[in-house]
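A.B. asks: Before we start, here is the structure in question, set down as structure tokens.
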Amino acid sequence: AVFKDNAEASRCVAREIAALIRERQRQGRRAVLGLATGSTPLGLYAELVRMHREEGLSFANVVTFNLDEYQNLPPGHPQSYHHFMWTHLFAKVDIPAANTHIPDGNAPAADAEESCRRYEQAIAEAGGIDIQILGIGRTGHIGFNEPGSARRSRTRFVTLAPLPRRDAASDFGGEEHTPRQAVSMGVRTILGARRVMLLAWGQHKAPVVRAAVEGEVTPHCPASFLQEHDNALFITDLAAAGEL
Ligand code: GLP
């Protein structure tokens with residue numbers, strides 16, 4: 001779906017999420033959201049906060065699972081995704097802290113695999129993800145599934161590719177301070193969501209959006225695996241759709 005601009009697109013995605021939350025409230029059930037970080041979903045989170053404040057949208061029955069987290073940053077670190085989520089969404093709505101889940105980038109090496117397995121298990125126990133929000137990196141990554149990520153990959157620790165590390169370096173005050181590893185849901189984890197909404201804004205995303213939507217399905221562009229999902233939607237502004 002192509003929108004005039006990201007504000008209009010973000011409002012549309014927020015309305016769909018709000019409809020799911022309200023439907024589940026009526027049924028006395030929980031809504032399970034998969035969430036992303038980066039600049040892309042900021043408009044969506046701002047709109048959800050507005051709906052909470054002005055329209056009484058409650059997040060009391062919402063459970064969230066974030067895609068990824070950097071390795072070995074304290075949770076309060078300004079660049080941690082934990083900090084990002086609390087700043088832009090969780091602290092501004094009425095979601096119970098216990099309902100929010102972010103992969104544990106601080107798991108000690110000996111417990112790393114087990115902590116990833118527990119994350120997968122927590123998703124399964126919540127009943128699976130209803131709506132997964134995604135951004136897309138310039139390499140075609142989703143979460144931190146860099147090119148080369150297998151379709152069957154699950155939550156695991158991954159090494160960041162040079163380009164995303166360089167993209168992140170300014171946030172960390174230089175490449176030498178930028179984490180080398182992260183923990184990320186796998187491609188298979190993401191494809192397990194019942195609905196996937198990938199958001200992309202701006203001309204710089206146009207080539208990768210084209211590769212993901214029209215290119216061959218390949219681990220070289222992990223976002224291309226979404227072509228195999230029967231309920232995945234790419235949501236772009238005019239600029240990001242410019243090469244389709
Ligand atoms: C990071 C995140 C991704 C995000 C990507 C794009 O690599 N791990 O989840 O999609 O950046 O970031 P932005 O939305 O700022 O373009």
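Note on naming: chains are A, B, ... as they come in the structure tokens, residues start from 1 per chain, ligands start from 1 in the order shown.
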Enumerate, in order of chain and increasing residue number, the residues of chain A with an atom no farther than 10 Å from ligand 1, each with its shortest atom pair and distance in Å to one decimal, counting only C-alpha atoms and all ligand atoms, as CSV.
C.D. replies:
residue,atom,partner,partner_atom_place_in_ligand_line,distance
A:Leu35,CA,ligand 1,9 (O),8.9
A:Ala36,CA,ligand 1,9 (O),5.4
A:Thr37,CA,ligand 1,9 (O),5.3
A:Gly38,CA,ligand 1,15 (O),3.7
A:Ser39,CA,ligand 1,15 (O),3.7
A:Thr40,CA,ligand 1,14 (O),3.7
A:Pro41,CA,ligand 1,14 (O),6.7
A:Leu42,CA,ligand 1,14 (O),8.4
A:Asn66,CA,ligand 1,9 (O),9.3
A:Leu67,CA,ligand 1,9 (O),6.9
A:Asp68,CA,ligand 1,8 (N),6.4
A:Glu69,CA,ligand 1,8 (N),7.5
A:Tyr70,CA,ligand 1,8 (N),8.5
A:Tyr81,CA,ligand 1,8 (N),8.7
A:Ile133,CA,ligand 1,9 (O),9.4
A:Leu134,CA,ligand 1,10 (O),6.1
A:Gly135,CA,ligand 1,10 (O),3.4
A:Ile136,CA,ligand 1,10 (O),4.1
A:Gly137,CA,ligand 1,6 (C),4.2
A:Arg138,CA,ligand 1,6 (C),7.2
A:Thr139,CA,ligand 1,7 (O),9.1
A:Gly140,CA,ligand 1,10 (O),9.0
A:His141,CA,ligand 1,10 (O),7.1
A:Ile142,CA,ligand 1,9 (O),5.8
A:Gly143,CA,ligand 1,9 (O),4.0
A:Phe144,CA,ligand 1,8 (N),5.0
A:Asn145,CA,ligand 1,8 (N),8.4
A:Glu146,CA,ligand 1,7 (O),8.9
A:Leu160,CA,ligand 1,7 (O),8.7
A:Ala161,CA,ligand 1,7 (O),9.6
A:Leu163,CA,ligand 1,7 (O),9.4
A:Pro164,CA,ligand 1,7 (O),5.8
A:Arg165,CA,ligand 1,7 (O),8.1
A:Asp167,CA,ligand 1,7 (O),8.0
A:Ala168,CA,ligand 1,7 (O),7.6
A:Ala182,CA,ligand 1,8 (N),8.7
A:Val183,CA,ligand 1,8 (N),9.7
A:Ser184,CA,ligand 1,8 (N),8.3
A:Leu198,CA,ligand 1,10 (O),8.8
A:Leu199,CA,ligand 1,14 (O),8.3
A:Ala200,CA,ligand 1,14 (O),7.4
A:Trp201,CA,ligand 1,16 (O),7.9
A:Gly202,CA,ligand 1,16 (O),9.0
A:His204,CA,ligand 1,16 (O),9.1
A:Lys205,CA,ligand 1,16 (O),8.0
A.B. asks: Using C-alpha atoms, can you export the residues from the last selection as a tab-separated table (two decimals), in the first residue's frame?
C.D. replies:
chain	number	residue	atom	x	y	z
A	35	LEU	CA	7.35	-4.12	17.60
A	36	ALA	CA	10.29	-2.54	15.84
A	37	THR	CA	12.68	0.31	16.60
A	38	GLY	CA	14.47	2.82	14.37
A	39	SER	CA	13.14	6.10	13.04
A	40	THR	CA	10.52	4.41	10.84
A	41	PRO	CA	7.88	3.48	13.48
A	42	LEU	CA	8.15	6.78	15.41
A	66	ASN	CA	10.33	-6.48	20.24
A	67	LEU	CA	12.34	-7.67	17.31
A	68	ASP	CA	15.85	-7.08	18.51
A	69	GLU	CA	18.31	-5.52	20.93
A	70	TYR	CA	22.01	-4.65	20.92
A	81	TYR	CA	16.09	-0.52	22.19
A	133	ILE	CA	5.60	-4.21	12.68
A	134	LEU	CA	8.86	-4.05	10.71
A	135	GLY	CA	11.22	-1.46	9.35
A	136	ILE	CA	13.77	-2.31	6.70
A	137	GLY	CA	17.50	-1.63	6.67
A	138	ARG	CA	19.36	-0.56	3.55
A	139	THR	CA	20.86	-4.07	3.25
A	140	GLY	CA	17.37	-5.60	3.21
A	141	HIS	CA	17.56	-6.63	6.83
A	142	ILE	CA	14.50	-7.07	9.01
A	143	GLY	CA	15.19	-6.89	12.72
A	144	PHE	CA	18.90	-7.66	12.66
A	145	ASN	CA	18.54	-10.45	10.13
A	146	GLU	CA	21.33	-9.38	7.84
A	160	LEU	CA	26.09	-6.77	12.68
A	161	ALA	CA	27.01	-6.17	9.05
A	163	LEU	CA	26.74	-1.01	6.65
A	164	PRO	CA	24.17	-1.10	9.50
A	165	ARG	CA	27.02	-0.64	11.96
A	167	ASP	CA	24.52	3.67	9.90
A	168	ALA	CA	24.29	3.31	13.69
A	182	ALA	CA	22.84	-7.99	18.64
A	183	VAL	CA	20.10	-10.45	19.46
A	184	SER	CA	17.26	-10.67	16.95
A	198	LEU	CA	6.65	-3.54	6.88
A	199	LEU	CA	6.98	0.25	6.91
A	200	ALA	CA	9.40	2.21	4.72
A	201	TRP	CA	9.71	5.95	4.13
A	202	GLY	CA	11.94	8.06	1.92
A	204	HIS	CA	16.83	6.13	0.26
A	205	LYS	CA	14.63	3.09	0.96
A.B. asks: Excluding range 213-219 of chain A and residues on its chain fewer than 4 positions from it, collect all residues at most 8 Å away from it, counting only C-alpha atoms, and give them as a ChimeraX atom specification.
C.D. replies: /A:147-151,209,224-225,227,244
A.B. asks: Would you please work out which residue, of A:Asp171, A:Arg117, A:Glu16, A:Ala107, is nearest to Pro74 in chain A when using only C-alpha atoms?
C.D. replies: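 Among A:Asp171, A:Arg117, A:Glu16, A:Ala107, it is A:Ala107 that comes nearest to Pro74 in chain A.
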A.B. asks: Among range 14-187 of chain A, which residues carry a DSSP assignment of strand (DSSP E or B), reported as a list of chain:residue names?
C.D. replies: A:Ala31, A:Val32, A:Leu33, A:Gly34, A:Leu35, A:Val62, A:Val63, A:Thr64, A:Phe65, A:Asn66, A:Asp68, A:Glu69, A:Tyr70, A:Thr100, A:His101, A:Ile131, A:Gln132, A:Ile133, A:Leu134, A:Ile142, A:Asn145, A:Arg156, A:Phe157, A:Val158, A:Thr159, A:Gln181, A:Ala182, A:Val183, A:Ser184
A.B. asks: Export, as an mmCIF file, in the first residue's frame, the selected residues with C-alpha atoms.
C.D. replies:
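The file below, result-v6.cif, is the result:
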data_model
loop_
_atom_site.group_PDB
_atom_site.id
_atom_site.type_symbol
_atom_site.label_atom_id
_atom_site.label_comp_id
_atom_site.auth_asym_id
_atom_site.auth_seq_id
_atom_site.Cartn_x
_atom_site.Cartn_y
_atom_site.Cartn_z
ATOM 1 C CA ALA A 31 -3.625 -8.556 21.580
ATOM 2 C CA VAL A 32 -0.038 -9.574 20.800
ATOM 3 C CA LEU A 33 2.078 -7.044 18.912
ATOM 4 C CA GLY A 34 5.553 -7.473 17.452
ATOM 5 C CA LEU A 35 7.348 -4.123 17.600
ATOM 6 C CA VAL A 62 -1.686 -5.659 25.008
ATOM 7 C CA VAL A 63 1.379 -7.904 25.036
ATOM 8 C CA THR A 64 4.445 -6.864 23.043
ATOM 9 C CA PHE A 65 7.549 -8.580 21.706
ATOM 10 C CA ASN A 66 10.327 -6.477 20.241
ATOM 11 C CA ASP A 68 15.848 -7.084 18.513
ATOM 12 C CA GLU A 69 18.314 -5.515 20.928
ATOM 13 C CA TYR A 70 22.009 -4.647 20.919
ATOM 14 C CA THR A 100 6.466 -5.980 27.383
ATOM 15 C CA HIS A 101 9.236 -8.234 26.082
ATOM 16 C CA ILE A 131 0.575 -8.067 14.053
ATOM 17 C CA GLN A 132 4.318 -7.701 13.503
ATOM 18 C CA ILE A 133 5.599 -4.209 12.682
ATOM 19 C CA LEU A 134 8.855 -4.052 10.713
ATOM 20 C CA ILE A 142 14.496 -7.074 9.009
ATOM 21 C CA ASN A 145 18.540 -10.450 10.133
ATOM 22 C CA ARG A 156 19.660 -15.748 18.109
ATOM 23 C CA PHE A 157 22.738 -13.584 18.589
ATOM 24 C CA VAL A 158 24.012 -12.176 15.307
ATOM 25 C CA THR A 159 27.003 -10.144 14.156
ATOM 26 C CA GLN A 181 26.556 -8.021 18.031
ATOM 27 C CA ALA A 182 22.837 -7.986 18.640
ATOM 28 C CA VAL A 183 20.098 -10.451 19.464
ATOM 29 C CA SER A 184 17.263 -10.671 16.950
#
A.B. asks: When you look at range 53-57 of chain A with a cut-off of 12 Å (counting only C-alpha atoms), what residues show up, excluding the ones that are within fewer than 3 positions of it in the same chain? I need them as a list in words.
C.D. replies: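 Listing them by chain and then by number gives Ala14, Arg15, Ile17, Ala18, Ala19, Leu20, Ile21, Arg22, Glu23, Gln25, Ala46, Glu47, Leu48, Val49, Arg50, Ala60, Asn61, Val62, Lys92, Val93, Asp94 and Ile95 of chain A.
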A.B. asks: Between A:Ala206, A:Val187, A:Val196, A:Ala124, which one has atoms that come closest to Asp237 in chain A, using only C-alpha atoms?
C.D. replies: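 Residue with the minimum atom-to-atom distance to Asp237 in chain A: A:Ala206.
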A.B. asks: Using Å and a single decimal, report how far CA of Met85 in chain A sits from CA of Glu8 in chain A.
C.D. replies: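 Separating CA of Glu8 in chain A from CA of Met85 in chain A is a distance of 21.9 Å.
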A.B. asks: Quote the spacing between CA of Asp230 in chain A and CA of Tyr45 in chain A in Å to one decimal place.
C.D. replies: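 CA of Asp230 in chain A sits 25.4 Å away from CA of Tyr45 in chain A.
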A.B. asks: Which polymer residues have any atom within 12 Å of an atom of Lys4 in chain A, counting only C-alpha atoms, with same-chain residues fewer than 4 positions away left out, as an mmCIF file with N, CA and C atoms, in the first residue's frame?
C.D. replies:
data_model
loop_
_atom_site.group_PDB
_atom_site.id
_atom_site.type_symbol
_atom_site.label_atom_id
_atom_site.label_comp_id
_atom_site.auth_asym_id
_atom_site.auth_seq_id
_atom_site.Cartn_x
_atom_site.Cartn_y
_atom_site.Cartn_z
ATOM 1 N N GLU A 8 0.283 9.913 7.055
ATOM 2 C CA GLU A 8 -0.968 9.275 6.655
ATOM 3 C C GLU A 8 -0.858 7.744 6.796
ATOM 4 N N ALA A 9 0.286 7.211 6.379
ATOM 5 C CA ALA A 9 0.503 5.762 6.476
ATOM 6 C C ALA A 9 0.505 5.313 7.933
ATOM 7 N N SER A 10 1.180 6.080 8.798
ATOM 8 C CA SER A 10 1.264 5.708 10.215
ATOM 9 C C SER A 10 -0.117 5.720 10.858
ATOM 10 N N ARG A 11 -0.953 6.685 10.469
ATOM 11 C CA ARG A 11 -2.318 6.739 11.019
ATOM 12 C C ARG A 11 -3.106 5.495 10.623
ATOM 13 N N CYS A 12 -2.917 5.054 9.392
ATOM 14 C CA CYS A 12 -3.643 3.883 8.900
ATOM 15 C C CYS A 12 -3.214 2.618 9.668
ATOM 16 N N TRP A 201 9.898 4.556 4.577
ATOM 17 C CA TRP A 201 9.715 5.951 4.127
ATOM 18 C C TRP A 201 10.985 6.476 3.492
ATOM 19 N N GLY A 202 10.820 7.277 2.461
ATOM 20 C CA GLY A 202 11.944 8.055 1.922
ATOM 21 C C GLY A 202 12.596 7.385 0.728
ATOM 22 N N ILE A 235 4.066 -1.089 3.491
ATOM 23 C CA ILE A 235 3.401 0.212 3.586
ATOM 24 C C ILE A 235 4.459 1.276 3.366
ATOM 25 N N THR A 236 4.314 2.047 2.309
ATOM 26 C CA THR A 236 5.350 3.026 1.984
ATOM 27 C C THR A 236 4.738 4.401 1.722
ATOM 28 N N ASP A 237 5.614 5.406 1.738
ATOM 29 C CA ASP A 237 5.217 6.710 1.217
ATOM 30 C C ASP A 237 5.544 6.724 -0.289
ATOM 31 N N LEU A 238 5.239 7.816 -0.952
ATOM 32 C CA LEU A 238 5.458 7.874 -2.404
ATOM 33 C C LEU A 238 6.940 7.679 -2.751
ATOM 34 N N ALA A 239 7.832 8.297 -1.949
ATOM 35 C CA ALA A 239 9.258 8.243 -2.277
ATOM 36 C C ALA A 239 9.819 6.826 -2.191
ATOM 37 N N ALA A 240 9.418 6.067 -1.150
ATOM 38 C CA ALA A 240 9.951 4.718 -0.980
ATOM 39 C C ALA A 240 9.395 3.756 -2.029
ATOM 40 N N ALA A 241 8.259 4.142 -2.640
ATOM 41 C CA ALA A 241 7.662 3.311 -3.697
ATOM 42 C C ALA A 241 8.170 3.728 -5.073
ATOM 43 N N GLY A 242 9.089 4.682 -5.102
ATOM 44 C CA GLY A 242 9.522 5.312 -6.342
ATOM 45 C C GLY A 242 10.144 4.390 -7.378
#
A.B. asks: Of the candidates A:Thr178, A:Asn231, A:Gln79, A:Thr155, which shows the shortest atom-to-atom distance to Arg194 in chain A, using only C-alpha atoms?
C.D. replies: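 For Arg194 in chain A, the nearest of the given residues is A:Asn231.
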A.B. asks: Please give the complete set of residues from range 112-196 of chain A that DSSP, run on the backbone, assigns to alpha helix (DSSP H), formatted as a PyMOL selection string.
C.D. replies: chain A and resi 112-125+162-169+187-191
